[in-house]
Each structure stands twice: as structure tokens, then as C-alpha cells.
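S.K.: The structure that follows is given in the form of C-alpha cells.
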Amino acid sequence: MKGTAKDTAQQSAREAAPDGAPAGREPAPQEPLGVAVVGAGYWGPNLVRNFQASPAFRLRWLCDLDADRARRVLGGYSTVQATSDYAAVLADPAVDAVAVATPAGTHLDVALAALRAGKHVLVEKPLAATYEDGLRLVTEAEERGLTLMCDHTYCYTPAVARIRELVRSGELGEIQFVDSVRINLGLVQKDVDVLWDLAPHDLSVLDFVLPDDVRPVAVAAHGADPIGAGQSCVAYLTLQLDTGAIAHVHVNWLSPVKVRTTMVGGSKRTLVWDDLNPSQRVAVYDRGVDLTAPQELREDQRRDALVSYRTGDMVAPALGEKEALRTMVEEFAAAVRHRRPALTDGRAGLQVLDILEAASRSLAFRGAVVGLRTGR
């Protein structure tokens with residue numbers, strides 16, 4: 001396969017997936033779904049391992065610009081086909097789905113070619129390089145009745161699954177604030193700033209756990225480049241929610257210590273997720289501030305503070321142990337089988353892109369508040 005992955009995907013789309021191609025075949029209910037992984041670099045081998053371990057799938061192809069690299073990932077005894085010919089993958093009727101693990105700039109062409117060939121598509125984050133590209137993928141999938149899912153891996157960890165349950169059940173009460181910190185002495189990227197590199201994790205989790213009737217409406221971002229890298233290495237992002245609450249994200253490549261914490265404050269309880277604490281990843285505190293309405297007080301009490309402090313117990317819920325990627329693969333299979341949107345569908349990926357692009361505009365205008373699109 002010569003040229004770039006983008007060139008190859010465009011050629012494959014023309015040769016193997018003409019406009020109007022029908023949706024993929026209907027496998028028998030108990031028949032594994034045929035899947036191909038595109039990209040054998042950093043993330044592709046993780047997808048290969050989990051697809052091979054899942055009874056819901058049969059891995060048929062691993063496609064990469066470097067076919068030898070694909071063969072090395074598969075090993076000498078694998079029956080999975082390694083190739084650099086993406087058109088051959090798309091032309092295989094036994095392939096029901098394609099998992100895209102290529103650079104973000106190629107996601108549009110690679111995923112679009114698969115959708116036009118009638119394949120269901122899983123794309124590693126981010127969904128695409130721009131909001132407009134992501135919207136093209138979402139529209140194409142919806143028009144063809146195909147599953148488009150974004151691999152927001154953190155959303156499938158046991159900790160985040162429990163956080164989603166606690167938030168959406170109302171156990172925390174009305175959400176008052178979210179504060180997330182993702183900092184470490186990280187690899188300074190050449191093509192993206194720290195917001196685009198690290199914040200998608202926190203933004204995807206936020207979109208995943210918030211109730212459906214709570215939406216971000218605007219964003220303000222501030223960043224700094226103290227080492228002269230050419231893009232922000234430290235950044236702070238503040239999201240305004242339509243309820244009046246705010247969500248704050250701090251990302252940093254320059255911190256000498258690694259921190260992965262998220263706090264979700266509610267009117268009833270506050271939750272703390274410490275992803276680096278294996279013995280207590282999630283803790284729920286029955287501690288907070290209660291406000292007494294003035295009409296509930298006697299006249300002689302109204303000059304006193306209306307605020308009282310609640311100090312209760314802390315509970316650390318028991319969490320199961322399961323690899324997030326395994327759960328993500330199972331969700332992809334269920335979405336395809338039952339023809340329903342995945343928990344992290346294309347529109348979830350679009351919401352993250354919307355926030356990131358707005359944050360970039362805010363950075364360019366020195367922290368100005370930028371409104372979001374309609375999102376989901």
C-alpha cells in the first residue's frame with residue numbers, strides 16, 4: 001500500500017464502496033461478527049487482543065500501511081490475515097465491522113470508506129480531527145442505519161460505570177460542580193496542545209455521566225507555554241452547564257507528579273474518583289453545605305448565617321475488576337446486534353469535538369467565553 005493512509009482510504013472508498021452501498025450482511029444471532037482492525041501502531045494491538053478474546057467477534061483482518069508490522073502484532077501462528085490493502089478488507093463480505101486505530105487526521109477517510117462499504121465502525125478517540133469531519137461520519141452512519149461508536153475507553157471502567165449510576169440515580173442530588181485534574185510529566189506533542197491531548201478523556205467521562213437533561217452550553221479556556229513548545233503545555237478549561245453549575249478541567253504536561261482525580265459535587269453528596277488509588281478509586285462523602293430558606297427562619301434568626309455545614313459518613317463502593325476495553329468491545333457488539341446507539345456513540349464523540357474546538361477558539365481570544373453548538 002503506497003502513499004498515506006488518507007490516500008489509501010480515499011482510493012478504497014472509490015473502489016470498494018460506491019455511494020448507495022447497502023448496509024452490511026445480517027449475521028445469524030449466535031454467529032460472531034466479523035471484524036477488521038485498521039492500524040497496528042500504539043492502540044491497534046490492544047483492540048486486536050480484545051476482539052480475539054471476545055466470543056461476540058471473529059477477527060478476520062489486521063490492516064496497516066506496514067504489513068510486516070501487522071504480522072508481528074498477530075504472531076506467527078495466527079489465522080488472522082495481515083494486509084496493507086484496505087480495499088481488500090472492505091470488499092470482504094465476512095467483515096461486518098471495522099475498528100479504526102489510525103492517526104486522527106485519517107479518521108474521516110478511513111471510517112467514511114468503511115461506512116460506505118456497509119460496515120459498522122468503531123473509531124478510537126477523537127472521532128475525527130474536526131467537528132465538521134465528525135458530523136460527516138455521524139450523518140453517514142445514521143443515513144445508512146449503521147453503528148458508529150467512539151472508543152472512549154475510560155467510560156467503560158468499573159469506576160466510571162459506578163459514577164454514572166450514582167449521578168444519574170440522583171443519589172448525589174443536583175450537580176453543583178465538577179472538578180477534574182489530569183496532570184503528569186508527559187510527552188509534549190508536536191501536532192496538538194495539551195487540551196487536545198489530555199482533555200478528551202475528562203470531557204468524554206463528563207458527557208457520559210451527566211444526566212441527559214444537563215448539558216454544557218459554553219466554554220472558557222486559558223493556557224500557557226512556559227517552555228516554548230509552540231502550543232499550550234498547561235491549560236485550564238471551564239464549562240458552563242445549562243443548570244448554572246460549572247465543570248472545570250486542569251491538564252498539564254509539566255507536572256512532576258501524576259494526578260488523576262475527579263470530584264463531582266452534588267446537593268446531597270460529593271463523589272471523589274482517584275484513578276491512581278486502587279484500594280479506594282471511588283469515595284462518596286455525605287458532607288456538604290445546606291442552605292436554609294429565609295422564610296423558614298424566625299425574624300430574630302434572619303440576621304444569622306443561612307448556611308449550615310453537614311458532616312456525615314464516607315462510603316467507598318465496591319467495584320468489580322474488568323478491563324475497560326473488554327467492556328467497550330461488548331458494548332460495540334450489543335449496539336450492532338440490537339441496532340441501538342452505543343453508550344459512546346458518534347454523537348458523544350461529536351460533543352467532545354465541539355468542546356475542544358470551542359476551547360481552542362477561547363484560547364485564541366485569551367479566555368473569552370465561547371458558546372457550544374447543539375451537540376447531541
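Chain lettering (A, B, ...) mirrors the order of the C-alpha cells, residue numbering begins at 1 for each chain separately, and ligand numbering begins at 1 in order of display.
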Which of range 74-155 of chain A end up as strand (DSSP E or B) when DSSP is run on this backbone - answer as a PyMOL selection string?

M.R.: chain A and resi 81-83+97-100+120-124+148-151

S.K.: Pull N, CA, C and O atoms from the residues just selected and write them as a tab-separated table (two decimals), in the first residue's frame.

M.R.:
chain	number	residue	atom	x	y	z
A	81	GLN	N	-5.74	-12.57	8.84
A	81	GLN	CA	-4.99	-12.10	7.68
A	81	GLN	C	-4.40	-10.71	7.93
A	81	GLN	O	-5.10	-9.82	8.40
A	82	ALA	N	-3.13	-10.55	7.62
A	82	ALA	CA	-2.46	-9.25	7.69
A	82	ALA	C	-2.32	-8.70	6.29
A	82	ALA	O	-1.98	-9.44	5.35
A	83	THR	N	-2.59	-7.42	6.14
A	83	THR	CA	-2.55	-6.83	4.80
A	83	THR	C	-2.27	-5.34	4.88
A	83	THR	O	-2.45	-4.71	5.93
A	97	ALA	N	-17.75	-5.36	10.55
A	97	ALA	CA	-17.38	-4.13	11.27
A	97	ALA	C	-15.91	-3.84	11.11
A	97	ALA	O	-15.10	-4.76	10.92
A	98	VAL	N	-15.57	-2.56	11.22
A	98	VAL	CA	-14.19	-2.11	11.11
A	98	VAL	C	-13.87	-1.26	12.33
A	98	VAL	O	-14.65	-0.37	12.70
A	99	ALA	N	-12.74	-1.55	12.97
A	99	ALA	CA	-12.25	-0.75	14.09
A	99	ALA	C	-11.06	0.08	13.62
A	99	ALA	O	-10.08	-0.48	13.13
A	100	VAL	N	-11.16	1.39	13.76
A	100	VAL	CA	-10.16	2.32	13.21
A	100	VAL	C	-9.23	2.78	14.32
A	100	VAL	O	-9.66	3.42	15.29
A	120	HIS	N	-20.21	-1.55	9.99
A	120	HIS	CA	-20.30	-0.83	11.25
A	120	HIS	C	-18.90	-0.38	11.64
A	120	HIS	O	-17.91	-1.05	11.31
A	121	VAL	N	-18.80	0.75	12.36
A	121	VAL	CA	-17.48	1.34	12.59
A	121	VAL	C	-17.28	1.72	14.05
A	121	VAL	O	-18.14	2.35	14.67
A	122	LEU	N	-16.12	1.34	14.56
A	122	LEU	CA	-15.62	1.78	15.86
A	122	LEU	C	-14.40	2.63	15.60
A	122	LEU	O	-13.49	2.21	14.87
A	123	VAL	N	-14.34	3.83	16.19
A	123	VAL	CA	-13.21	4.75	15.97
A	123	VAL	C	-12.59	5.09	17.32
A	123	VAL	O	-13.30	5.46	18.27
A	124	GLU	N	-11.26	4.97	17.42
A	124	GLU	CA	-10.61	5.41	18.65
A	124	GLU	C	-10.72	6.93	18.76
A	124	GLU	O	-10.89	7.63	17.77
A	148	LEU	N	-22.08	3.62	14.57
A	148	LEU	CA	-20.83	4.38	14.66
A	148	LEU	C	-20.57	4.61	16.13
A	148	LEU	O	-21.38	5.22	16.83
A	149	MET	N	-19.44	4.10	16.62
A	149	MET	CA	-19.13	4.17	18.04
A	149	MET	C	-17.74	4.76	18.23
A	149	MET	O	-16.84	4.52	17.43
A	150	CYS	N	-17.58	5.56	19.27
A	150	CYS	CA	-16.29	6.15	19.60
A	150	CYS	C	-15.71	5.42	20.82
A	150	CYS	O	-16.42	5.20	21.81
A	151	ASP	N	-14.46	5.03	20.73
A	151	ASP	CA	-13.81	4.29	21.80
A	151	ASP	C	-13.34	5.25	22.89
A	151	ASP	O	-12.16	5.57	22.99

S.K.: Please list as a ChimeraX atom specification every residue within 10 Å of range 270-285 of chain A, counting only C-alpha atoms and excluding residues in the same chain fewer than 4 positions away.

M.R.: /A:158-160,162-163,166-167,171-173,175-181,258-266,311-319

S.K.: Dump N, CA, C and O atoms for the selected residues as a short mmCIF file (atom, residue, chain, number, x, y, z; two decimals), in the first residue's frame?

M.R.:
data_model
loop_
_atom_site.label_atom_id
_atom_site.label_comp_id
_atom_site.auth_asym_id
_atom_site.auth_seq_id
_atom_site.Cartn_x
_atom_site.Cartn_y
_atom_site.Cartn_z
N PRO A 158 -14.89 0.15 35.49
CA PRO A 158 -15.87 -0.06 36.57
C PRO A 158 -16.10 1.20 37.39
O PRO A 158 -17.24 1.45 37.84
N ALA A 159 -15.07 2.01 37.60
CA ALA A 159 -15.23 3.23 38.40
C ALA A 159 -16.19 4.20 37.74
O ALA A 159 -17.11 4.73 38.38
N VAL A 160 -15.99 4.46 36.45
CA VAL A 160 -16.86 5.43 35.76
C VAL A 160 -18.27 4.89 35.60
O VAL A 160 -19.25 5.64 35.66
N ARG A 162 -19.81 3.11 37.79
CA ARG A 162 -20.47 3.37 39.07
C ARG A 162 -20.75 4.86 39.24
O ARG A 162 -21.81 5.24 39.79
N ILE A 163 -19.84 5.71 38.80
CA ILE A 163 -20.09 7.15 38.90
C ILE A 163 -21.33 7.53 38.10
O ILE A 163 -22.17 8.31 38.56
N LEU A 166 -24.36 6.56 40.07
CA LEU A 166 -24.61 7.41 41.23
C LEU A 166 -25.15 8.78 40.81
O LEU A 166 -26.05 9.33 41.45
N VAL A 167 -24.59 9.34 39.74
CA VAL A 167 -25.03 10.66 39.28
C VAL A 167 -26.44 10.60 38.72
O VAL A 167 -27.31 11.41 39.08
N GLU A 171 -28.59 10.05 43.51
CA GLU A 171 -28.05 9.84 44.85
C GLU A 171 -27.19 11.01 45.30
O GLU A 171 -27.09 11.30 46.49
N LEU A 172 -26.53 11.70 44.36
CA LEU A 172 -25.73 12.86 44.72
C LEU A 172 -26.56 14.14 44.80
O LEU A 172 -26.07 15.17 45.28
N GLY A 173 -27.79 14.08 44.31
CA GLY A 173 -28.62 15.28 44.23
C GLY A 173 -28.35 16.04 42.95
O GLY A 173 -27.80 15.50 41.98
N ILE A 175 -26.38 18.32 40.47
CA ILE A 175 -24.95 18.55 40.31
C ILE A 175 -24.65 20.04 40.45
O ILE A 175 -25.23 20.87 39.75
N GLN A 176 -23.73 20.36 41.36
CA GLN A 176 -23.35 21.75 41.60
C GLN A 176 -22.00 22.11 40.98
O GLN A 176 -21.79 23.23 40.56
N PHE A 177 -21.09 21.14 40.91
CA PHE A 177 -19.79 21.40 40.29
C PHE A 177 -19.11 20.08 39.94
O PHE A 177 -19.40 19.03 40.53
N VAL A 178 -18.22 20.14 38.96
CA VAL A 178 -17.34 19.02 38.62
C VAL A 178 -15.93 19.60 38.51
O VAL A 178 -15.74 20.63 37.86
N ASP A 179 -14.96 18.94 39.14
CA ASP A 179 -13.58 19.42 39.08
C ASP A 179 -12.69 18.23 38.75
O ASP A 179 -12.68 17.23 39.47
N SER A 180 -11.94 18.34 37.66
CA SER A 180 -11.12 17.24 37.18
C SER A 180 -9.67 17.69 36.98
O SER A 180 -9.43 18.76 36.44
N VAL A 181 -8.73 16.84 37.41
CA VAL A 181 -7.31 17.13 37.27
C VAL A 181 -6.63 15.95 36.59
O VAL A 181 -6.73 14.81 37.05
N LYS A 258 2.09 12.81 39.10
CA LYS A 258 0.95 12.38 38.30
C LYS A 258 -0.31 12.39 39.17
O LYS A 258 -0.34 11.77 40.24
N VAL A 259 -1.34 13.08 38.70
CA VAL A 259 -2.61 13.16 39.42
C VAL A 259 -3.74 12.86 38.44
O VAL A 259 -3.77 13.39 37.32
N ARG A 260 -4.66 12.00 38.87
CA ARG A 260 -5.84 11.66 38.08
C ARG A 260 -7.04 11.64 39.00
O ARG A 260 -7.42 10.60 39.54
N THR A 261 -7.62 12.79 39.26
CA THR A 261 -8.76 12.87 40.17
C THR A 261 -9.91 13.64 39.54
O THR A 261 -9.70 14.56 38.75
N THR A 262 -11.11 13.25 39.92
CA THR A 262 -12.32 13.96 39.52
C THR A 262 -13.25 14.04 40.72
O THR A 262 -13.47 13.03 41.40
N MET A 263 -13.76 15.22 40.98
CA MET A 263 -14.72 15.43 42.07
C MET A 263 -16.04 15.89 41.47
O MET A 263 -16.08 16.82 40.66
N VAL A 264 -17.12 15.23 41.87
CA VAL A 264 -18.46 15.59 41.42
C VAL A 264 -19.26 16.00 42.66
O VAL A 264 -19.56 15.16 43.52
N GLY A 265 -19.56 17.27 42.75
CA GLY A 265 -20.27 17.79 43.91
C GLY A 265 -21.75 17.89 43.65
O GLY A 265 -22.18 18.48 42.66
N GLY A 266 -22.55 17.33 44.53
CA GLY A 266 -24.00 17.38 44.41
C GLY A 266 -24.63 18.03 45.61
O GLY A 266 -23.98 18.27 46.63
N THR A 311 -21.86 17.19 58.09
CA THR A 311 -20.73 16.28 58.17
C THR A 311 -21.25 14.87 58.45
O THR A 311 -21.74 14.59 59.55
N GLY A 312 -21.14 14.01 57.45
CA GLY A 312 -21.63 12.64 57.60
C GLY A 312 -20.56 11.62 57.28
O GLY A 312 -19.36 11.91 57.35
N ASP A 313 -20.99 10.45 56.86
CA ASP A 313 -20.07 9.35 56.62
C ASP A 313 -19.48 9.40 55.21
O ASP A 313 -20.01 10.05 54.31
N MET A 314 -18.38 8.67 55.06
CA MET A 314 -17.80 8.42 53.74
C MET A 314 -17.95 6.95 53.42
O MET A 314 -17.70 6.09 54.27
N VAL A 315 -18.40 6.67 52.20
CA VAL A 315 -18.59 5.29 51.75
C VAL A 315 -17.76 5.07 50.50
O VAL A 315 -17.78 5.90 49.58
N ALA A 316 -17.02 3.96 50.46
CA ALA A 316 -16.24 3.60 49.28
C ALA A 316 -16.90 2.38 48.63
O ALA A 316 -16.74 1.26 49.13
N PRO A 317 -17.67 2.56 47.56
CA PRO A 317 -18.39 1.44 46.95
C PRO A 317 -17.42 0.38 46.42
O PRO A 317 -16.33 0.71 45.92
N ALA A 318 -17.82 -0.86 46.54
CA ALA A 318 -17.03 -1.95 45.97
C ALA A 318 -17.16 -1.92 44.45
O ALA A 318 -18.25 -1.73 43.91
N LEU A 319 -16.04 -2.09 43.77
CA LEU A 319 -16.01 -2.05 42.31
C LEU A 319 -15.52 -3.38 41.77
O LEU A 319 -14.62 -4.00 42.34
#

S.K.: Please give the complete set of residues from range 151-224 of chain A that DSSP, run on the backbone, assigns to alpha helix (DSSP H), formatted as a compact mmCIF listing (two decimals) with all heavy atoms, in the first residue's frame.

M.R.:
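New file result16.txt:
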# COMPACT_ATOMS: atom_id res chain seq x y z
N PRO A 158 -14.89 0.15 35.49
CA PRO A 158 -15.87 -0.06 36.57
C PRO A 158 -16.10 1.20 37.39
O PRO A 158 -17.24 1.45 37.84
CB PRO A 158 -15.22 -1.18 37.41
CG PRO A 158 -14.36 -1.92 36.45
CD PRO A 158 -13.82 -0.88 35.51
N ALA A 159 -15.07 2.01 37.60
CA ALA A 159 -15.23 3.23 38.40
C ALA A 159 -16.19 4.20 37.74
O ALA A 159 -17.11 4.73 38.38
CB ALA A 159 -13.87 3.89 38.64
N VAL A 160 -15.99 4.46 36.45
CA VAL A 160 -16.86 5.43 35.76
C VAL A 160 -18.27 4.89 35.60
O VAL A 160 -19.25 5.64 35.66
CB VAL A 160 -16.24 5.82 34.41
CG1 VAL A 160 -17.18 6.72 33.62
CG2 VAL A 160 -14.91 6.55 34.63
N ALA A 161 -18.41 3.59 35.40
CA ALA A 161 -19.75 3.00 35.34
C ALA A 161 -20.50 3.25 36.65
O ALA A 161 -21.70 3.58 36.64
CB ALA A 161 -19.65 1.50 35.05
N ARG A 162 -19.81 3.11 37.79
CA ARG A 162 -20.47 3.37 39.07
C ARG A 162 -20.75 4.86 39.24
O ARG A 162 -21.81 5.24 39.79
CB ARG A 162 -19.58 2.86 40.21
CG ARG A 162 -20.16 3.10 41.62
CD ARG A 162 -21.56 2.46 41.78
NE ARG A 162 -21.49 1.03 41.66
CZ ARG A 162 -21.29 0.21 42.69
NH1 ARG A 162 -21.13 0.71 43.91
NH2 ARG A 162 -21.27 -1.08 42.50
N ILE A 163 -19.84 5.71 38.80
CA ILE A 163 -20.09 7.15 38.90
C ILE A 163 -21.33 7.53 38.10
O ILE A 163 -22.17 8.31 38.56
CB ILE A 163 -18.86 7.94 38.41
CG1 ILE A 163 -17.67 7.71 39.36
CG2 ILE A 163 -19.17 9.43 38.30
CD1 ILE A 163 -16.36 8.24 38.84
N ARG A 164 -21.44 7.01 36.89
CA ARG A 164 -22.63 7.28 36.07
C ARG A 164 -23.90 6.86 36.80
O ARG A 164 -24.90 7.59 36.81
CB ARG A 164 -22.49 6.53 34.74
CG ARG A 164 -23.71 6.63 33.81
CD ARG A 164 -23.47 5.78 32.57
NE ARG A 164 -24.66 5.56 31.78
CZ ARG A 164 -25.02 6.28 30.72
NH1 ARG A 164 -24.27 7.29 30.34
NH2 ARG A 164 -26.11 5.99 30.03
N GLU A 165 -23.86 5.70 37.42
CA GLU A 165 -25.02 5.20 38.15
C GLU A 165 -25.38 6.12 39.32
O GLU A 165 -26.55 6.45 39.53
CB GLU A 165 -24.71 3.79 38.65
CG GLU A 165 -25.79 3.16 39.50
CD GLU A 165 -25.34 1.82 40.07
OE1 GLU A 165 -24.64 1.08 39.36
OE2 GLU A 165 -25.69 1.52 41.23
N LEU A 166 -24.36 6.56 40.07
CA LEU A 166 -24.61 7.41 41.23
C LEU A 166 -25.15 8.78 40.81
O LEU A 166 -26.05 9.33 41.45
CB LEU A 166 -23.32 7.58 42.03
CG LEU A 166 -22.81 6.34 42.77
CD1 LEU A 166 -21.39 6.56 43.26
CD2 LEU A 166 -23.73 6.00 43.93
N VAL A 167 -24.59 9.34 39.74
CA VAL A 167 -25.03 10.66 39.28
C VAL A 167 -26.44 10.60 38.72
O VAL A 167 -27.31 11.41 39.08
CB VAL A 167 -24.05 11.22 38.24
CG1 VAL A 167 -24.62 12.49 37.60
CG2 VAL A 167 -22.69 11.52 38.86
N ARG A 168 -26.70 9.64 37.87
CA ARG A 168 -27.98 9.58 37.17
C ARG A 168 -29.11 9.07 38.05
O ARG A 168 -30.28 9.31 37.74
CB ARG A 168 -27.85 8.73 35.91
CG ARG A 168 -26.98 9.41 34.84
CD ARG A 168 -26.85 8.60 33.59
NE ARG A 168 -26.29 9.43 32.51
CZ ARG A 168 -26.84 9.59 31.33
NH1 ARG A 168 -27.97 8.96 31.03
NH2 ARG A 168 -26.28 10.37 30.42
N VAL A 194 -1.96 20.58 24.86
CA VAL A 194 -2.29 19.69 25.97
C VAL A 194 -3.79 19.48 26.11
O VAL A 194 -4.24 18.41 26.57
CB VAL A 194 -1.68 20.24 27.28
CG1 VAL A 194 -2.38 21.52 27.73
CG2 VAL A 194 -1.70 19.19 28.38
N LEU A 195 -4.60 20.45 25.70
CA LEU A 195 -6.05 20.28 25.76
C LEU A 195 -6.51 19.15 24.84
O LEU A 195 -7.27 18.26 25.25
CB LEU A 195 -6.76 21.58 25.38
CG LEU A 195 -7.01 22.60 26.49
CD1 LEU A 195 -7.60 23.88 25.91
CD2 LEU A 195 -7.93 22.02 27.56
N TRP A 196 -6.04 19.16 23.60
CA TRP A 196 -6.45 18.13 22.64
C TRP A 196 -5.85 16.77 23.00
O TRP A 196 -6.42 15.73 22.66
CB TRP A 196 -6.04 18.55 21.23
CG TRP A 196 -7.00 19.50 20.60
CD1 TRP A 196 -7.05 20.86 20.79
CD2 TRP A 196 -8.08 19.19 19.72
NE1 TRP A 196 -8.08 21.41 20.07
CE2 TRP A 196 -8.73 20.41 19.38
CE3 TRP A 196 -8.56 18.01 19.14
CZ2 TRP A 196 -9.83 20.47 18.53
CZ3 TRP A 196 -9.65 18.07 18.29
CH2 TRP A 196 -10.28 19.29 17.99
N ASP A 197 -4.72 16.77 23.70
CA ASP A 197 -4.07 15.51 24.06
C ASP A 197 -4.72 14.85 25.26
O ASP A 197 -5.01 13.64 25.23
CB ASP A 197 -2.59 15.77 24.34
CG ASP A 197 -1.83 14.50 24.68
OD1 ASP A 197 -2.09 13.46 24.05
OD2 ASP A 197 -0.96 14.54 25.56
N LEU A 198 -4.97 15.60 26.33
CA LEU A 198 -5.43 15.01 27.58
C LEU A 198 -6.90 15.23 27.91
O LEU A 198 -7.55 14.35 28.48
CB LEU A 198 -4.57 15.54 28.74
CG LEU A 198 -3.08 15.20 28.71
CD1 LEU A 198 -2.39 15.77 29.95
CD2 LEU A 198 -2.86 13.71 28.61
N ALA A 199 -7.42 16.40 27.59
CA ALA A 199 -8.79 16.73 27.99
C ALA A 199 -9.87 15.82 27.40
O ALA A 199 -10.92 15.67 28.02
CB ALA A 199 -9.10 18.19 27.67
N PRO A 200 -9.70 15.21 26.21
CA PRO A 200 -10.76 14.33 25.71
C PRO A 200 -11.17 13.24 26.69
O PRO A 200 -12.34 12.84 26.73
CB PRO A 200 -10.15 13.73 24.44
CG PRO A 200 -9.23 14.78 23.95
CD PRO A 200 -8.63 15.38 25.20
N HIS A 201 -10.23 12.75 27.50
CA HIS A 201 -10.58 11.74 28.49
C HIS A 201 -11.61 12.29 29.48
O HIS A 201 -12.65 11.67 29.73
CB HIS A 201 -9.33 11.29 29.26
CG HIS A 201 -8.29 10.64 28.40
ND1 HIS A 201 -8.52 9.47 27.70
CD2 HIS A 201 -7.01 11.00 28.14
CE1 HIS A 201 -7.43 9.14 27.04
NE2 HIS A 201 -6.50 10.05 27.28
N ASP A 202 -11.33 13.46 30.04
CA ASP A 202 -12.22 14.05 31.04
C ASP A 202 -13.53 14.50 30.42
O ASP A 202 -14.60 14.35 31.03
CB ASP A 202 -11.51 15.22 31.71
CG ASP A 202 -10.18 14.81 32.31
OD1 ASP A 202 -10.17 14.27 33.42
OD2 ASP A 202 -9.15 15.01 31.64
N LEU A 203 -13.49 15.05 29.22
CA LEU A 203 -14.70 15.52 28.57
C LEU A 203 -15.61 14.36 28.18
O LEU A 203 -16.84 14.47 28.27
CB LEU A 203 -14.34 16.35 27.33
CG LEU A 203 -13.55 17.63 27.62
CD1 LEU A 203 -13.17 18.32 26.32
CD2 LEU A 203 -14.35 18.57 28.51
N SER A 204 -15.04 13.25 27.75
CA SER A 204 -15.87 12.09 27.40
C SER A 204 -16.53 11.51 28.65
O SER A 204 -17.69 11.10 28.61
CB SER A 204 -15.04 11.02 26.69
OG SER A 204 -14.03 10.50 27.52
N VAL A 205 -15.80 11.47 29.76
CA VAL A 205 -16.38 10.99 31.01
C VAL A 205 -17.49 11.92 31.48
O VAL A 205 -18.56 11.47 31.91
CB VAL A 205 -15.29 10.85 32.10
CG1 VAL A 205 -15.92 10.63 33.47
CG2 VAL A 205 -14.35 9.71 31.76
N LEU A 206 -17.27 13.23 31.38
CA LEU A 206 -18.30 14.19 31.77
C LEU A 206 -19.57 13.99 30.96
O LEU A 206 -20.68 13.93 31.51
CB LEU A 206 -17.77 15.61 31.58
CG LEU A 206 -18.73 16.74 31.98
CD1 LEU A 206 -18.94 16.76 33.48
CD2 LEU A 206 -18.18 18.09 31.50
N ASP A 207 -19.44 13.86 29.66
CA ASP A 207 -20.60 13.64 28.80
C ASP A 207 -21.30 12.33 29.15
O ASP A 207 -22.52 12.22 29.10
CB ASP A 207 -20.16 13.62 27.34
CG ASP A 207 -21.31 13.38 26.38
OD1 ASP A 207 -22.15 14.30 26.21
OD2 ASP A 207 -21.40 12.27 25.80
N PHE A 208 -20.52 11.34 29.54
CA PHE A 208 -21.05 10.01 29.84
C PHE A 208 -21.85 9.98 31.14
O PHE A 208 -22.89 9.31 31.23
CB PHE A 208 -19.88 9.03 29.93
CG PHE A 208 -20.27 7.59 30.07
CD1 PHE A 208 -20.85 6.89 29.02
CD2 PHE A 208 -20.02 6.91 31.25
CE1 PHE A 208 -21.18 5.55 29.15
CE2 PHE A 208 -20.34 5.57 31.38
CZ PHE A 208 -20.93 4.89 30.33
N VAL A 209 -21.39 10.70 32.16
CA VAL A 209 -22.02 10.58 33.48
C VAL A 209 -23.12 11.60 33.72
O VAL A 209 -24.03 11.35 34.53
CB VAL A 209 -20.97 10.68 34.61
CG1 VAL A 209 -19.89 9.63 34.43
CG2 VAL A 209 -20.37 12.07 34.73

S.K.: For Ala335 in chain A, work out the shell of residues within 9 Å, counting only C-alpha atoms and skipping chain neighbours fewer than 6 positions away, then give it as an MDAnalysis selection string.

M.R.: chainID A and resid 147 149 341:343

S.K.: Give me, as a tab-separated table, the closest atom pair and its distance (Å, one decimal) for every residue of range 102-157 of chain A within a cut-off of 12 Å of range 359-373 of chain A, counting only C-alpha atoms, rows sorted by chain and rising number.

M.R.:
residue	atom	partner	partner_atom	distance
A:Thr130	CA	A:Ser360	CA	11.5
A:Tyr131	CA	A:Arg373	CA	9.9
A:Glu132	CA	A:Arg373	CA	11.5
A:Leu135	CA	A:Arg373	CA	11.7

S.K.: Just want the 12 Å neighbourhood of Ser78 in chain A, counted on only C-alpha atoms, with same-chain residues fewer than 5 positions away dropped. Output as a tab-separated table (two decimals) with N, CA, C and O atoms, in the first residue's frame.

M.R.:
chain	number	residue	atom	x	y	z
A	48	VAL	N	-6.86	-5.59	18.88
A	48	VAL	CA	-6.69	-6.95	18.38
A	48	VAL	C	-6.85	-7.97	19.50
A	48	VAL	O	-7.59	-8.96	19.39
A	49	ARG	N	-6.18	-7.72	20.62
A	49	ARG	CA	-6.23	-8.65	21.75
A	49	ARG	C	-7.65	-8.82	22.29
A	49	ARG	O	-8.10	-9.93	22.57
A	52	GLN	N	-10.03	-10.62	19.76
A	52	GLN	CA	-9.72	-12.05	19.72
A	52	GLN	C	-10.25	-12.77	20.95
A	52	GLN	O	-10.61	-13.95	20.88
A	59	LEU	N	-12.04	-11.94	14.64
A	59	LEU	CA	-11.11	-11.04	13.98
A	59	LEU	C	-10.63	-11.67	12.68
A	59	LEU	O	-10.07	-12.77	12.68
A	60	ARG	N	-10.86	-11.00	11.57
A	60	ARG	CA	-10.52	-11.56	10.26
A	60	ARG	C	-9.34	-10.87	9.60
A	60	ARG	O	-8.60	-11.50	8.84
A	61	TRP	N	-9.14	-9.58	9.86
A	61	TRP	CA	-8.06	-8.84	9.20
A	61	TRP	C	-7.40	-7.89	10.20
A	61	TRP	O	-8.07	-7.33	11.08
A	62	LEU	N	-6.11	-7.69	10.01
A	62	LEU	CA	-5.40	-6.56	10.60
A	62	LEU	C	-4.71	-5.84	9.46
A	62	LEU	O	-3.85	-6.40	8.77
A	70	ALA	N	1.97	-5.48	10.96
A	70	ALA	CA	0.72	-6.17	11.28
A	70	ALA	C	0.98	-7.65	11.57
A	70	ALA	O	0.42	-8.22	12.50
A	71	ARG	N	1.85	-8.27	10.78
A	71	ARG	CA	2.16	-9.69	11.00
A	71	ARG	C	2.85	-9.89	12.35
A	71	ARG	O	2.59	-10.88	13.06
A	72	ARG	N	3.72	-8.97	12.72
A	72	ARG	CA	4.40	-9.09	14.01
A	72	ARG	C	3.42	-8.98	15.17
A	72	ARG	O	3.55	-9.67	16.18
A	73	VAL	N	2.43	-8.11	15.03
A	73	VAL	CA	1.42	-7.97	16.07
A	73	VAL	C	0.61	-9.26	16.21
A	73	VAL	O	0.31	-9.70	17.32

S.K.: So which one's closest to Glu142 in chain A, A:Asp286, A:Asp193, A:Asp213, A:Asp345? Using only C-alpha atoms, please.

M.R.: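 Of all the options, A:Asp345 lies closest to Glu142 in chain A.
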
S.K.: Between CA of Ala117 in chain A and CA of Leu90 in chain A, what distance in Å does the model show, to one decimal?

M.R.: 6.2 Å

S.K.: Separation of CA of Val219 in chain A and CA of Gly244 in chain A, in Å?

M.R.: 12.8 Å

S.K.: Can you list, as a PyMOL selection string, every protein, DNA or RNA residue that comes within 6 Å of Cys233 in chain A when you count only C-alpha atoms, leaving out same-chain residues fewer than 2 positions away?

M.R.: chain A and resi 194+225+252-253

S.K.: Of the candidates A:Gln351, A:Thr344, A:Asn46, A:Thr243, which shows the shortest atom-to-atom distance to Gly134 in chain A, using only C-alpha atoms?

M.R.: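 Comparing A:Gln351, A:Thr344, A:Asn46, A:Thr243 against Gly134 in chain A, the winner is A:Gln351.
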